[in-house]
Amino acid sequence: MRTYFQKGIGKWEGQFRIKEKLRRKVTYTHLNLLAPGYPFTESFHIIWCRNVMIYFDRPTQEQLVAHLAKHLVPGGFLFIGHSESLTGIHHGLKTVKPAIYQKPV
């Protein structure tokens, strides 16, 4: 926590934010999750896709999870929302805990 986060003070007490050194490495952009190719050249260690799949039907969810899993490094994690499930979806990921899945090494 101390390495990557700062504790809030004053009105921000009880909250945290990512330290500037790490924040500079984060990019926010719009992305069509169902587009055939993602504009990434590297794979990710962690992907958060929380509370998105609840809006899609099962075949679309399966397509989305396949896209995301393809962009995880071996051993990488996919976090989904607690109201979501990959039950009944062929994905090849290992369940770690509810809403946390890992790509096999």
# chains A, B, ... in the order shown; residues from 1 in each chain; ligands from 1
$ residues_around --residues "A:Arg2" --least-positions-apart "3" --cutoff "10 Å" --atoms "only C-alpha atoms" --output "PyMOL selection string"
chain A and resi 5-7+18-19
$ residues_around --residues "A:Tyr38" --least-positions-apart "4" --cutoff "9 Å" --atoms "only C-alpha atoms" --output "list of chain:residue names"
A:Leu31, A:Asn32, A:Leu33, A:Leu34, A:His67, A:His71
$ write_last_selection --atoms "all heavy atoms" --output "compact mmCIF listing (two decimals), in the first residue's frame"
# COMPACT_ATOMS: atom_id res chain seq x y z
N LEU A 31 -12.97 2.31 -25.72
CA LEU A 31 -12.68 1.06 -26.40
C LEU A 31 -13.98 0.32 -26.65
O LEU A 31 -14.80 0.19 -25.74
CB LEU A 31 -11.75 0.20 -25.51
CG LEU A 31 -11.44 -1.20 -25.98
CD1 LEU A 31 -10.57 -1.16 -27.23
CD2 LEU A 31 -10.73 -1.97 -24.89
N ASN A 32 -14.15 -0.15 -27.86
CA ASN A 32 -15.29 -1.00 -28.17
C ASN A 32 -14.90 -2.42 -27.78
O ASN A 32 -14.08 -3.05 -28.45
CB ASN A 32 -15.64 -0.92 -29.66
CG ASN A 32 -16.83 -1.79 -30.03
OD1 ASN A 32 -17.25 -2.66 -29.26
ND2 ASN A 32 -17.37 -1.56 -31.20
N LEU A 33 -15.46 -2.91 -26.69
CA LEU A 33 -15.08 -4.22 -26.17
C LEU A 33 -15.39 -5.36 -27.12
O LEU A 33 -14.81 -6.44 -27.02
CB LEU A 33 -15.78 -4.48 -24.84
CG LEU A 33 -15.35 -3.59 -23.68
CD1 LEU A 33 -16.26 -3.81 -22.48
CD2 LEU A 33 -13.91 -3.85 -23.32
N LEU A 34 -16.31 -5.15 -28.06
CA LEU A 34 -16.70 -6.22 -28.97
C LEU A 34 -16.05 -6.10 -30.34
O LEU A 34 -16.32 -6.90 -31.22
CB LEU A 34 -18.22 -6.25 -29.10
CG LEU A 34 -18.95 -6.48 -27.77
CD1 LEU A 34 -20.45 -6.38 -27.96
CD2 LEU A 34 -18.55 -7.80 -27.16
N HIS A 67 -12.06 -12.43 -25.85
CA HIS A 67 -11.21 -11.29 -26.24
C HIS A 67 -10.31 -10.87 -25.08
O HIS A 67 -9.11 -10.67 -25.25
CB HIS A 67 -12.06 -10.07 -26.62
CG HIS A 67 -12.57 -10.07 -28.01
ND1 HIS A 67 -11.88 -10.53 -29.10
CD2 HIS A 67 -13.74 -9.60 -28.51
CE1 HIS A 67 -12.59 -10.38 -30.19
NE2 HIS A 67 -13.73 -9.82 -29.86
N HIS A 71 -5.83 -11.28 -24.12
CA HIS A 71 -4.92 -10.18 -23.81
C HIS A 71 -4.34 -10.24 -22.39
O HIS A 71 -3.73 -9.27 -21.95
CB HIS A 71 -5.62 -8.84 -24.05
CG HIS A 71 -5.85 -8.57 -25.50
ND1 HIS A 71 -4.86 -8.14 -26.33
CD2 HIS A 71 -6.93 -8.75 -26.28
CE1 HIS A 71 -5.33 -8.02 -27.55
NE2 HIS A 71 -6.58 -8.39 -27.54
$ select_by_dssp --residues "chain A" --states "helix (DSSP H, G or I)" --output "ChimeraX atom specification"
/A:10-12,20-23,53-55,58-70
$ residues_around --residues "stretch 52-54 of chain A" --least-positions-apart "3" --cutoff "8 Å" --atoms "only C-alpha atoms" --output "MDAnalysis selection string"
chainID A and resid 49 57 61 81 83:84
$ write_last_selection --atoms "N, CA and C atoms" --output "PDB file, in the first residue's frame"
ATOM      1  N   CYS A  49     -13.002  -5.735 -15.627  1.00  0.00           N
ATOM      2  CA  CYS A  49     -14.165  -5.554 -16.504  1.00  0.00           C
ATOM      3  C   CYS A  49     -15.383  -5.791 -15.611  1.00  0.00           C
ATOM      4  N   ASP A  57     -25.964 -10.555 -23.697  1.00  0.00           N
ATOM      5  CA  ASP A  57     -26.488 -11.918 -23.659  1.00  0.00           C
ATOM      6  C   ASP A  57     -25.303 -12.888 -23.549  1.00  0.00           C
ATOM      7  N   GLN A  61     -21.290 -12.335 -24.046  1.00  0.00           N
ATOM      8  CA  GLN A  61     -20.409 -12.436 -22.882  1.00  0.00           C
ATOM      9  C   GLN A  61     -19.249 -13.384 -23.180  1.00  0.00           C
ATOM     10  N   GLY A  81     -17.523  -8.115 -12.145  1.00  0.00           N
ATOM     11  CA  GLY A  81     -18.387  -7.655 -11.067  1.00  0.00           C
ATOM     12  C   GLY A  81     -18.956  -8.809 -10.260  1.00  0.00           C
ATOM     13  N   SER A  83     -21.905  -9.224  -9.351  1.00  0.00           N
ATOM     14  CA  SER A  83     -23.222  -9.610  -9.856  1.00  0.00           C
ATOM     15  C   SER A  83     -23.105 -10.370 -11.174  1.00  0.00           C
ATOM     16  N   GLU A  84     -21.874 -10.601 -11.629  1.00  0.00           N
ATOM     17  CA  GLU A  84     -21.634 -11.306 -12.888  1.00  0.00           C
ATOM     18  C   GLU A  84     -21.068 -12.690 -12.612  1.00  0.00           C
TER      19      GLU A  84
END
$ residues_around --residues "A:Glu20" --least-positions-apart "2" --cutoff "12 Å" --atoms "only C-alpha atoms" --output "PyMOL selection string"
chain A and resi 3-6+17-18+22-26
$ write_last_selection --atoms "N, CA, C and O atoms" --output "tab-separated table (two decimals), in the first residue's frame"
chain	number	residue	atom	x	y	z
A	3	THR	N	3.85	1.64	-1.06
A	3	THR	CA	4.64	1.78	-2.29
A	3	THR	C	3.85	2.47	-3.39
A	3	THR	O	4.39	3.30	-4.11
A	4	TYR	N	2.57	2.14	-3.54
A	4	TYR	CA	1.81	2.59	-4.68
A	4	TYR	C	0.66	3.55	-4.38
A	4	TYR	O	0.07	4.12	-5.30
A	5	PHE	N	0.30	3.72	-3.11
A	5	PHE	CA	-0.86	4.55	-2.78
A	5	PHE	C	-0.54	5.63	-1.77
A	5	PHE	O	0.35	5.48	-0.94
A	6	GLN	N	-1.31	6.72	-1.83
A	6	GLN	CA	-1.23	7.80	-0.86
A	6	GLN	C	-2.53	7.84	-0.08
A	6	GLN	O	-3.61	7.70	-0.66
A	17	ARG	N	-5.32	7.21	-3.17
A	17	ARG	CA	-5.14	7.42	-4.59
A	17	ARG	C	-3.80	6.84	-5.00
A	17	ARG	O	-2.88	6.71	-4.17
A	18	ILE	N	-3.68	6.50	-6.25
A	18	ILE	CA	-2.45	5.93	-6.78
A	18	ILE	C	-1.39	7.02	-6.85
A	18	ILE	O	-1.67	8.13	-7.28
A	22	LEU	N	3.10	5.72	-10.54
A	22	LEU	CA	2.30	4.67	-11.16
A	22	LEU	C	1.19	5.26	-12.03
A	22	LEU	O	0.87	4.75	-13.09
A	23	ARG	N	0.62	6.37	-11.60
A	23	ARG	CA	-0.48	7.01	-12.33
A	23	ARG	C	-0.03	7.41	-13.75
A	23	ARG	O	-0.82	7.36	-14.69
A	24	ARG	N	1.23	7.78	-13.92
A	24	ARG	CA	1.75	8.15	-15.24
A	24	ARG	C	1.76	6.97	-16.20
A	24	ARG	O	1.79	7.16	-17.41
A	25	LYS	N	1.71	5.76	-15.68
A	25	LYS	CA	1.73	4.56	-16.52
A	25	LYS	C	0.34	4.09	-16.92
A	25	LYS	O	0.20	3.12	-17.65
A	26	VAL	N	-0.69	4.76	-16.42
A	26	VAL	CA	-2.07	4.36	-16.69
A	26	VAL	C	-2.64	5.22	-17.81
A	26	VAL	O	-2.46	6.42	-17.82
$ atom_distance --atom1 "atom CA of A:Pro74" --atom2 "atom CA of A:His91"
13.8 Å
$ closest_residue --among "A:Ile89, A:Lys103, A:Ile9, A:Gly14" --to "A:Ser43" --atoms "only C-alpha atoms"
A:Lys103
